[in-house]
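Content type compact mmCIF, N, CA and C atoms, from the file model.txt:
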```txt
# COMPACT_ATOMS: atom_id res chain seq x y z
N MET A 1 27.08 -11.57 13.95
CA MET A 1 26.44 -11.73 12.66
C MET A 1 25.59 -13.01 12.63
N LEU A 2 26.08 -14.06 13.28
CA LEU A 2 25.34 -15.31 13.32
C LEU A 2 24.04 -15.16 14.09
N SER A 3 24.06 -14.38 15.18
CA SER A 3 22.83 -14.19 15.96
C SER A 3 21.80 -13.41 15.15
N LEU A 4 22.24 -12.46 14.33
CA LEU A 4 21.32 -11.71 13.48
C LEU A 4 20.67 -12.64 12.45
N PHE A 5 21.45 -13.53 11.88
CA PHE A 5 20.93 -14.51 10.94
C PHE A 5 19.90 -15.40 11.62
N PHE A 6 20.17 -15.84 12.86
CA PHE A 6 19.26 -16.69 13.60
C PHE A 6 17.93 -15.97 13.85
N LYS A 7 18.00 -14.69 14.19
CA LYS A 7 16.79 -13.90 14.43
C LYS A 7 15.97 -13.78 13.14
N CYS A 8 16.63 -13.55 12.04
CA CYS A 8 15.94 -13.47 10.74
C CYS A 8 15.30 -14.81 10.38
N LEU A 9 16.00 -15.88 10.67
CA LEU A 9 15.49 -17.21 10.38
C LEU A 9 14.22 -17.50 11.18
N LEU A 10 14.19 -17.10 12.45
CA LEU A 10 12.99 -17.29 13.27
C LEU A 10 11.80 -16.56 12.67
N GLY A 11 12.01 -15.32 12.25
CA GLY A 11 10.93 -14.55 11.63
C GLY A 11 10.45 -15.20 10.34
N ALA A 12 11.39 -15.65 9.53
CA ALA A 12 11.03 -16.30 8.26
C ALA A 12 10.25 -17.59 8.51
N LEU A 13 10.64 -18.34 9.51
CA LEU A 13 9.92 -19.58 9.83
C LEU A 13 8.49 -19.28 10.29
N ALA A 14 8.32 -18.22 11.06
CA ALA A 14 6.98 -17.84 11.51
C ALA A 14 6.11 -17.48 10.31
N VAL A 15 6.65 -16.70 9.37
CA VAL A 15 5.89 -16.32 8.17
C VAL A 15 5.56 -17.55 7.33
N LEU A 16 6.50 -18.46 7.18
CA LEU A 16 6.26 -19.68 6.42
C LEU A 16 5.16 -20.52 7.06
N LEU A 17 5.20 -20.64 8.38
CA LEU A 17 4.18 -21.40 9.08
C LEU A 17 2.80 -20.76 8.92
N ILE A 18 2.73 -19.44 9.00
CA ILE A 18 1.47 -18.74 8.80
C ILE A 18 0.94 -19.00 7.38
N ALA A 19 1.81 -18.92 6.39
CA ALA A 19 1.41 -19.14 5.00
C ALA A 19 0.89 -20.56 4.79
N LEU A 20 1.58 -21.53 5.35
CA LEU A 20 1.15 -22.92 5.19
C LEU A 20 -0.18 -23.18 5.91
N LEU A 21 -0.30 -22.68 7.12
CA LEU A 21 -1.53 -22.90 7.88
C LEU A 21 -2.74 -22.19 7.25
N SER A 22 -2.51 -21.03 6.65
CA SER A 22 -3.63 -20.29 6.07
C SER A 22 -4.25 -21.02 4.88
N LYS A 23 -3.52 -21.95 4.30
CA LYS A 23 -4.03 -22.72 3.17
C LYS A 23 -4.61 -24.07 3.60
N SER A 24 -4.51 -24.39 4.88
CA SER A 24 -4.96 -25.70 5.35
C SER A 24 -6.41 -25.65 5.82
N ARG A 25 -6.95 -26.81 6.16
CA ARG A 25 -8.30 -26.88 6.71
C ARG A 25 -8.37 -26.21 8.08
N SER A 26 -7.25 -26.13 8.75
CA SER A 26 -7.18 -25.49 10.06
C SER A 26 -6.62 -24.07 9.92
N PHE A 27 -7.12 -23.33 8.93
CA PHE A 27 -6.62 -21.99 8.62
C PHE A 27 -6.62 -21.05 9.82
N PHE A 28 -7.57 -21.23 10.74
CA PHE A 28 -7.70 -20.35 11.90
C PHE A 28 -6.50 -20.41 12.82
N ILE A 29 -5.75 -21.51 12.77
CA ILE A 29 -4.55 -21.64 13.61
C ILE A 29 -3.49 -20.62 13.18
N SER A 30 -3.57 -20.15 11.94
CA SER A 30 -2.61 -19.13 11.49
C SER A 30 -2.72 -17.86 12.32
N GLY A 31 -3.86 -17.65 12.98
CA GLY A 31 -4.02 -16.51 13.87
C GLY A 31 -3.32 -16.70 15.21
N LEU A 32 -2.96 -17.93 15.53
CA LEU A 32 -2.24 -18.22 16.78
C LEU A 32 -0.73 -18.06 16.62
N VAL A 33 -0.24 -18.31 15.43
CA VAL A 33 1.21 -18.26 15.20
C VAL A 33 1.84 -16.91 15.54
N PRO A 34 1.21 -15.77 15.18
CA PRO A 34 1.84 -14.50 15.54
C PRO A 34 1.95 -14.30 17.05
N LEU A 35 1.18 -15.05 17.80
CA LEU A 35 1.24 -14.92 19.25
C LEU A 35 2.34 -15.78 19.87
N PHE A 36 2.96 -16.65 19.06
CA PHE A 36 4.12 -17.36 19.58
C PHE A 36 5.19 -16.32 19.86
N PRO A 37 5.81 -16.38 21.01
CA PRO A 37 6.70 -15.28 21.42
C PRO A 37 8.06 -15.26 20.72
N THR A 38 8.08 -15.44 19.41
CA THR A 38 9.34 -15.41 18.67
C THR A 38 10.12 -14.14 18.95
N PHE A 39 9.49 -13.01 18.69
CA PHE A 39 10.19 -11.74 18.85
C PHE A 39 10.29 -11.34 20.31
N ALA A 40 9.32 -11.77 21.12
CA ALA A 40 9.42 -11.51 22.55
C ALA A 40 10.61 -12.25 23.15
N LEU A 41 10.84 -13.47 22.71
CA LEU A 41 12.00 -14.22 23.19
C LEU A 41 13.30 -13.48 22.86
N ILE A 42 13.37 -12.98 21.65
CA ILE A 42 14.56 -12.23 21.23
C ILE A 42 14.70 -10.97 22.08
N ALA A 43 13.61 -10.22 22.21
CA ALA A 43 13.65 -8.98 23.00
C ALA A 43 13.99 -9.26 24.45
N HIS A 44 13.38 -10.28 25.03
CA HIS A 44 13.64 -10.59 26.44
C HIS A 44 15.06 -11.08 26.66
N TYR A 45 15.57 -11.84 25.70
CA TYR A 45 16.96 -12.29 25.81
C TYR A 45 17.90 -11.09 25.75
N MET A 46 17.63 -10.20 24.82
CA MET A 46 18.51 -9.04 24.67
C MET A 46 18.43 -8.13 25.90
N VAL A 47 17.23 -7.85 26.39
CA VAL A 47 17.09 -7.03 27.59
C VAL A 47 17.72 -7.75 28.78
N GLY A 48 17.48 -9.06 28.89
CA GLY A 48 18.01 -9.83 30.02
C GLY A 48 19.52 -9.92 30.04
N THR A 49 20.16 -9.87 28.88
CA THR A 49 21.62 -9.95 28.84
C THR A 49 22.29 -8.59 28.88
N GLU A 50 21.57 -7.55 28.46
CA GLU A 50 22.17 -6.22 28.38
C GLU A 50 21.75 -5.31 29.52
N ARG A 51 20.71 -5.68 30.26
CA ARG A 51 20.20 -4.84 31.33
C ARG A 51 19.95 -5.69 32.57
N THR A 52 19.29 -5.13 33.54
CA THR A 52 19.06 -5.85 34.80
C THR A 52 17.80 -6.72 34.70
N LEU A 53 17.64 -7.62 35.67
CA LEU A 53 16.43 -8.44 35.72
C LEU A 53 15.21 -7.58 36.03
N ALA A 54 15.40 -6.49 36.77
CA ALA A 54 14.30 -5.55 37.02
C ALA A 54 13.83 -4.95 35.69
N ASP A 55 14.75 -4.63 34.82
CA ASP A 55 14.38 -4.11 33.49
C ASP A 55 13.66 -5.17 32.67
N LEU A 56 14.07 -6.42 32.83
CA LEU A 56 13.38 -7.52 32.14
C LEU A 56 11.94 -7.62 32.63
N ARG A 57 11.73 -7.47 33.94
CA ARG A 57 10.38 -7.51 34.48
C ARG A 57 9.53 -6.36 33.95
N VAL A 58 10.12 -5.17 33.85
CA VAL A 58 9.39 -4.02 33.29
C VAL A 58 9.02 -4.31 31.83
N THR A 59 9.93 -4.89 31.09
CA THR A 59 9.68 -5.23 29.68
C THR A 59 8.54 -6.25 29.58
N ALA A 60 8.54 -7.24 30.46
CA ALA A 60 7.47 -8.25 30.45
C ALA A 60 6.13 -7.61 30.82
N LEU A 61 6.13 -6.72 31.81
CA LEU A 61 4.89 -6.05 32.20
C LEU A 61 4.35 -5.19 31.06
N PHE A 62 5.24 -4.45 30.41
CA PHE A 62 4.81 -3.65 29.26
C PHE A 62 4.28 -4.57 28.15
N GLY A 63 4.89 -5.72 27.99
CA GLY A 63 4.40 -6.69 27.01
C GLY A 63 2.98 -7.14 27.30
N LEU A 64 2.65 -7.30 28.58
CA LEU A 64 1.27 -7.64 28.94
C LEU A 64 0.31 -6.52 28.53
N TYR A 65 0.70 -5.30 28.83
CA TYR A 65 -0.14 -4.16 28.44
C TYR A 65 -0.23 -4.02 26.92
N SER A 66 0.80 -4.46 26.21
CA SER A 66 0.78 -4.33 24.75
C SER A 66 -0.24 -5.26 24.11
N LEU A 67 -0.80 -6.17 24.88
CA LEU A 67 -1.88 -7.00 24.36
C LEU A 67 -3.15 -6.18 24.12
N LEU A 68 -3.28 -5.06 24.80
CA LEU A 68 -4.47 -4.22 24.62
C LEU A 68 -4.58 -3.66 23.20
N PRO A 69 -3.53 -3.05 22.64
CA PRO A 69 -3.64 -2.61 21.24
C PRO A 69 -3.88 -3.77 20.28
N TYR A 70 -3.29 -4.92 20.57
CA TYR A 70 -3.50 -6.09 19.71
C TYR A 70 -4.95 -6.55 19.78
N ALA A 71 -5.51 -6.57 20.98
CA ALA A 71 -6.92 -6.93 21.13
C ALA A 71 -7.82 -5.94 20.40
N ALA A 72 -7.49 -4.66 20.49
CA ALA A 72 -8.26 -3.64 19.78
C ALA A 72 -8.17 -3.87 18.27
N TYR A 73 -7.00 -4.23 17.79
CA TYR A 73 -6.81 -4.53 16.36
C TYR A 73 -7.70 -5.69 15.94
N LEU A 74 -7.66 -6.77 16.73
CA LEU A 74 -8.46 -7.95 16.38
C LEU A 74 -9.96 -7.65 16.41
N LEU A 75 -10.40 -6.90 17.40
CA LEU A 75 -11.81 -6.51 17.46
C LEU A 75 -12.18 -5.65 16.25
N ALA A 76 -11.28 -4.74 15.86
CA ALA A 76 -11.54 -3.90 14.70
C ALA A 76 -11.61 -4.74 13.43
N VAL A 77 -10.72 -5.69 13.27
CA VAL A 77 -10.76 -6.57 12.09
C VAL A 77 -12.10 -7.31 12.06
N TYR A 78 -12.48 -7.87 13.19
CA TYR A 78 -13.74 -8.62 13.25
C TYR A 78 -14.92 -7.72 12.90
N TRP A 79 -15.01 -6.59 13.53
CA TRP A 79 -16.15 -5.69 13.34
C TRP A 79 -16.15 -5.07 11.94
N LEU A 80 -15.00 -4.56 11.52
CA LEU A 80 -14.93 -3.87 10.22
C LEU A 80 -15.12 -4.81 9.03
N SER A 81 -14.78 -6.08 9.22
CA SER A 81 -14.91 -7.02 8.10
C SER A 81 -16.35 -7.22 7.66
N TYR A 82 -17.30 -6.86 8.52
CA TYR A 82 -18.71 -6.91 8.14
C TYR A 82 -19.12 -5.71 7.29
N ARG A 83 -18.29 -4.65 7.34
CA ARG A 83 -18.67 -3.39 6.71
C ARG A 83 -17.81 -2.99 5.52
N PHE A 84 -16.58 -3.49 5.46
CA PHE A 84 -15.63 -3.08 4.43
C PHE A 84 -14.97 -4.29 3.79
N GLY A 85 -14.27 -4.03 2.70
CA GLY A 85 -13.48 -5.07 2.05
C GLY A 85 -12.20 -5.33 2.83
N LEU A 86 -11.42 -6.27 2.34
CA LEU A 86 -10.22 -6.70 3.06
C LEU A 86 -9.21 -5.57 3.28
N VAL A 87 -8.86 -4.85 2.22
CA VAL A 87 -7.82 -3.82 2.34
C VAL A 87 -8.25 -2.70 3.28
N ALA A 88 -9.49 -2.25 3.14
CA ALA A 88 -9.99 -1.19 4.04
C ALA A 88 -10.05 -1.69 5.48
N THR A 89 -10.53 -2.91 5.66
CA THR A 89 -10.61 -3.48 7.01
C THR A 89 -9.24 -3.51 7.66
N LEU A 90 -8.25 -4.04 6.96
CA LEU A 90 -6.90 -4.15 7.53
C LEU A 90 -6.27 -2.78 7.72
N GLY A 91 -6.53 -1.86 6.81
CA GLY A 91 -6.00 -0.51 6.94
C GLY A 91 -6.57 0.20 8.16
N PHE A 92 -7.89 0.16 8.30
CA PHE A 92 -8.53 0.82 9.46
C PHE A 92 -8.13 0.13 10.76
N ALA A 93 -8.05 -1.19 10.75
CA ALA A 93 -7.66 -1.91 11.96
C ALA A 93 -6.23 -1.57 12.36
N THR A 94 -5.37 -1.38 11.37
CA THR A 94 -3.99 -0.97 11.66
C THR A 94 -3.97 0.42 12.28
N LEU A 95 -4.82 1.31 11.79
CA LEU A 95 -4.92 2.63 12.41
C LEU A 95 -5.41 2.54 13.85
N VAL A 96 -6.34 1.63 14.11
CA VAL A 96 -6.80 1.40 15.48
C VAL A 96 -5.63 0.95 16.35
N TRP A 97 -4.83 0.01 15.83
CA TRP A 97 -3.67 -0.47 16.58
C TRP A 97 -2.70 0.68 16.86
N LEU A 98 -2.41 1.48 15.84
CA LEU A 98 -1.48 2.59 16.00
C LEU A 98 -1.98 3.59 17.05
N LEU A 99 -3.25 3.90 17.01
CA LEU A 99 -3.83 4.82 17.99
C LEU A 99 -3.75 4.24 19.40
N CYS A 100 -4.13 2.99 19.55
CA CYS A 100 -4.08 2.35 20.87
C CYS A 100 -2.64 2.21 21.36
N ALA A 101 -1.72 1.90 20.47
CA ALA A 101 -0.31 1.78 20.87
C ALA A 101 0.24 3.14 21.30
N ALA A 102 -0.14 4.19 20.59
CA ALA A 102 0.31 5.53 20.97
C ALA A 102 -0.26 5.92 22.34
N LEU A 103 -1.53 5.61 22.56
CA LEU A 103 -2.14 5.89 23.86
C LEU A 103 -1.45 5.09 24.98
N LEU A 104 -1.14 3.84 24.69
CA LEU A 104 -0.43 3.01 25.67
C LEU A 104 0.93 3.62 26.01
N LEU A 105 1.67 4.03 24.99
CA LEU A 105 2.98 4.63 25.23
C LEU A 105 2.88 5.91 26.04
N LEU A 106 1.92 6.75 25.71
CA LEU A 106 1.73 7.99 26.46
C LEU A 106 1.37 7.70 27.92
N ALA A 107 0.47 6.77 28.12
CA ALA A 107 0.07 6.41 29.49
C ALA A 107 1.24 5.78 30.24
N TRP A 108 2.00 4.93 29.58
CA TRP A 108 3.12 4.25 30.23
C TRP A 108 4.16 5.26 30.69
N VAL A 109 4.52 6.18 29.84
CA VAL A 109 5.53 7.18 30.19
C VAL A 109 5.04 8.07 31.33
N ARG A 110 3.76 8.35 31.32
CA ARG A 110 3.20 9.23 32.36
C ARG A 110 3.05 8.52 33.71
N PHE A 111 2.52 7.29 33.70
CA PHE A 111 2.19 6.61 34.93
C PHE A 111 3.23 5.60 35.40
N TYR A 112 4.22 5.32 34.57
CA TYR A 112 5.29 4.40 34.95
C TYR A 112 6.63 5.10 34.65
N PRO A 113 6.89 6.24 35.31
CA PRO A 113 8.07 7.03 34.96
C PRO A 113 9.40 6.32 35.22
N ALA A 114 9.41 5.31 36.06
CA ALA A 114 10.67 4.60 36.32
C ALA A 114 11.15 3.84 35.09
N ALA A 115 10.28 3.64 34.13
CA ALA A 115 10.64 2.88 32.93
C ALA A 115 11.32 3.75 31.88
N THR A 116 11.34 5.08 32.09
CA THR A 116 11.97 5.94 31.08
C THR A 116 13.33 6.40 31.50
```
This entry written out as structure tokens:
Amino acid sequence: MLSLFFKCLLGALAVLLIALLSKSRSFFISGLVPLFPTFALIAHYMVGTERTLADLRVTALFGLYSLLPYAAYLLAVYWLSYRFGLVATLGFATLVWLLCAALLLLAWVRFYPAAT
């Protein structure tokens, strides 16, 4: 139960930091905070303690590939923000992320069958 509380606290701290930075003169740094590996640390610790180190390496490799949907999301936000309002931009960019993430998962299962 204590570890679950600690995980929730890390997430809450990340959100608080994003909120504070978004109001500062250095608002752009708030875009760096989600890239701090808060949840990756949790996931890697859990995989590393519950599975083999080979599984941890597969998880890390998949994490590298997962940057592709995130990059597509950021490109969509940048491009769409010239054409749409905030809500539409974020909505469409989220759809781009979902599509890219689904494609990544399909490709991963097909071309990296040892991971399933």
Here CA of Trp79 in chain A and CA of Ala14 in chain A stand apart by 26.2 Å
Separation of atom C of Leu80 in chain A from atom N of Ile18 in chain A, in Å and rounded to one decimal: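 So the two atoms, atom C of Leu80 in chain A and atom N of Ile18 in chain A, lie 23.1 Å apart.
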Using only C-alpha atoms, which residue out of A:Cys100, A:Thr38, A:Leu16, A:Ser24 lies closest to Tyr65 in chain A? A:Cys100
Need the shell around Ser81 in chain A: protein/DNA/RNA residues with any atom at most 12 Å away, counting only C-alpha atoms. Skip same-chain ones fewer than 5 positions apart. Format as a PyMOL selection string? chain A and resi 73-76+86-93
Point-to-point distance in Å for CA of Ser66 in chain A and CA of Leu104 in chain A: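 Separating CA of Leu104 in chain A from CA of Ser66 in chain A is a distance of 7.5 Å.
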From the list A:Ala19, A:Leu41, A:Ala101, A:Ala54, which residue is nearest Pro69 in chain A when using all atoms listed in the file?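 Among the listed residues, the smallest separation from Pro69 in chain A belongs to A:Ala101.
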Best match for closeness to Val33 in chain A among A:Leu2, A:Val47, A:Leu106, A:Val15, counting only N, CA and C atoms: A:Val15
Backbone-only DSSP, helix (DSSP H, G or I) members of range 13-111 of chain A, as a VMD selection string: chain A and resid 13 to 22 27 to 31 33 to 35 38 to 50 53 to 65 67 to 80 86 to 111
